[in-house]
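K.L.:
One structure is given below, represented as structure tokens, and several questions about it will come after.
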Amino acid sequence: MDRSGKVYVSDTEDGRVFVFDTKNSKLSFIGSSSAGSISMPLALAVDSTGQVYISDTRLKAVMVFDQSGSLIRTVGSQKEFQNPVGVAIDNVRDRVYVVDSQLHQVKAFSLEGRYLFTIGKRGTGDGEFNFPTSVAVGKDSRIYVVDTMNARVEVFDEEGKFVFTFGSLGMALGQFTRPKGIALDSEDNIYVVDAAFNNFQIFDKQGRLLLFIGSLGKEAGMFWLPAGIAIDQQDKIYIADQLNRRIQIYQLIKGQE
């Protein structure tokens, strides 16, 4: 989502991004015109100026588009990426973080595309990854990475130093099987989508489980291979419910002091 109320949804198979203008009830697209083309879009992020960052796994780059859908630059290239998947923006430090699942790394760039540093390598230890998929940035610029095949979330400070990890492989609450999308709400609670559990789990900032939502199915509030998640400034929670071909929207209800 951006600050004007637009909701962006990448359709990997269709090769374009749907742009839902919720305020004006209009639909447009990114990547399906001569103004800029994409091939296999996956993750999305929007910076404070409204520029849209789209990871393209086939083109092996992050494509940056303006509000009109015109391509204005790229971040990274085939020399730097093998399979760019997750992408997140730190608007405080003007950085973009890109997860490369095949390199088992997270790479940091300036918003203009200048390489800054790399987090991680393949492994099971602290600060290491095994096919990571998604990344999110907190208000304090901490970096949250979904380490999918290690079935955990790893947390780093703003310079990429390991802080802590939570989650493990298993079927119990607070564990993961196929964690995918990740996002944070205004209170820094951490939301993690699990494609195998067909739900999302909510953790506090220390990684302690608070709540889980969802189960396998086609009805409202149920999921079928969910993947992406995003949370807007009003704490609306958007879940990409892949095989049900829909976006489900929730609202965080805050408790009264």
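The way I read the labels, and the way they are meant: chains A, B, ... in the order of the structure tokens, residue 1 as the first residue of every chain, and ligand 1 as the first ligand shown, with later ones counted on from there.
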At a cut-off of 6 Å, using only C-alpha atoms, what residues contact stretch 18-34 of chain A? Leave out same-chain residues fewer than 4 positions from it and give the result as a ChimeraX atom specification.
P.N.:
/A:5-9,38,69
K.L.:
I'd like the neighbourhood of stretch 234-250 of chain A as a list in words, where a residue qualifies if any of its atoms comes within 6 Å (using only C-alpha atoms), though same-chain residues fewer than 2 positions away should be ignored.
P.N.:
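Residues near the query, excluding close chain neighbours: Asp185, Phe223, Trp224, Leu225, Pro226, Ala227, Gly228, Ile229, Ala230, Ile231, Asp232 and Leu252 of chain A.
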K.L.:
For the selection you just gave me, I'd like the residues written to a file as a PDB file, in the first residue's frame, keeping N, CA and C atoms.
P.N.:
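result_10.pdb, written as the output of this step:
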ATOM      1  N   ASP A 185       3.051  -4.303  12.579  1.00  0.00           N
ATOM      2  CA  ASP A 185       2.022  -3.286  12.738  1.00  0.00           C
ATOM      3  C   ASP A 185       2.587  -2.075  13.469  1.00  0.00           C
ATOM      4  N   PHE A 223      -7.697 -19.857   4.486  1.00  0.00           N
ATOM      5  CA  PHE A 223      -6.668 -19.649   3.478  1.00  0.00           C
ATOM      6  C   PHE A 223      -6.343 -20.939   2.744  1.00  0.00           C
ATOM      7  N   TRP A 224      -5.760 -20.739   1.553  1.00  0.00           N
ATOM      8  CA  TRP A 224      -5.269 -21.859   0.765  1.00  0.00           C
ATOM      9  C   TRP A 224      -3.936 -21.425   0.163  1.00  0.00           C
ATOM     10  N   LEU A 225      -2.870 -21.840   0.786  1.00  0.00           N
ATOM     11  CA  LEU A 225      -1.504 -21.478   0.413  1.00  0.00           C
ATOM     12  C   LEU A 225      -1.282 -19.963   0.431  1.00  0.00           C
ATOM     13  N   PRO A 226      -1.471 -19.310   1.562  1.00  0.00           N
ATOM     14  CA  PRO A 226      -1.188 -17.873   1.647  1.00  0.00           C
ATOM     15  C   PRO A 226       0.314 -17.617   1.569  1.00  0.00           C
ATOM     16  N   ALA A 227       0.662 -16.405   1.132  1.00  0.00           N
ATOM     17  CA  ALA A 227       2.089 -16.112   0.959  1.00  0.00           C
ATOM     18  C   ALA A 227       2.448 -14.724   1.467  1.00  0.00           C
ATOM     19  N   GLY A 228       1.941 -13.689   0.818  1.00  0.00           N
ATOM     20  CA  GLY A 228       2.346 -12.332   1.153  1.00  0.00           C
ATOM     21  C   GLY A 228       1.478 -11.700   2.221  1.00  0.00           C
ATOM     22  N   ILE A 229       2.051 -10.711   2.897  1.00  0.00           N
ATOM     23  CA  ILE A 229       1.321  -9.933   3.894  1.00  0.00           C
ATOM     24  C   ILE A 229       1.865  -8.510   3.896  1.00  0.00           C
ATOM     25  N   ALA A 230       0.980  -7.558   4.109  1.00  0.00           N
ATOM     26  CA  ALA A 230       1.385  -6.156   4.257  1.00  0.00           C
ATOM     27  C   ALA A 230       0.417  -5.487   5.220  1.00  0.00           C
ATOM     28  N   ILE A 231       0.896  -4.468   5.919  1.00  0.00           N
ATOM     29  CA  ILE A 231       0.077  -3.748   6.897  1.00  0.00           C
ATOM     30  C   ILE A 231       0.224  -2.257   6.629  1.00  0.00           C
ATOM     31  N   ASP A 232      -0.903  -1.551   6.515  1.00  0.00           N
ATOM     32  CA  ASP A 232      -0.838  -0.130   6.188  1.00  0.00           C
ATOM     33  C   ASP A 232      -0.773   0.731   7.446  1.00  0.00           C
ATOM     34  N   LEU A 252      -6.639  -4.475  12.674  1.00  0.00           N
ATOM     35  CA  LEU A 252      -6.179  -4.600  14.052  1.00  0.00           C
ATOM     36  C   LEU A 252      -7.046  -3.733  14.951  1.00  0.00           C
TER      37      LEU A 252
END
K.L.:
I need the residues of stretch 50-199 of chain A that end up classed as strand (DSSP E) by DSSP on the backbone, written out as a PyMOL selection string.
P.N.:
chain A and resi 52-56+61-65+71-75+84-90+95-100+105-110+115-119+134-137+143-147+152-156+162-166+179-184+190-194+199
K.L.:
Which one of A:Gln206, A:Thr124, A:Asp94, A:Leu116 sits closest to A:Tyr144 if you count only C-alpha atoms?
P.N.:
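Smallest distance to A:Tyr144 is found for A:Gln206.
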K.L.:
Using only C-alpha atoms, determine which residues lie at most 7 Å from stretch 172-181 of chain A, disregarding the query and same-chain residues fewer than 3 positions distant; provide the list as an MDAnalysis selection string.
P.N.:
chainID A and resid 133:134 146 148 151:152 167:169 192:196 209 227:229
K.L.:
I need the residue nearest A:Ala45 from this list: A:Glu128, A:Asp2, A:Glu219, A:Asp188. Use only C-alpha atoms for the distance.
P.N.:
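Of A:Glu128, A:Asp2, A:Glu219, A:Asp188, the one nearest A:Ala45, counting only C-alpha atoms, is A:Asp2.
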K.L.:
Please measure the separation of atom CA of A:Ser186 and atom CA of A:Ala136, giving the value in Å to one decimal.
P.N.:
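Computing it gives 13.0 Å between the two atoms.
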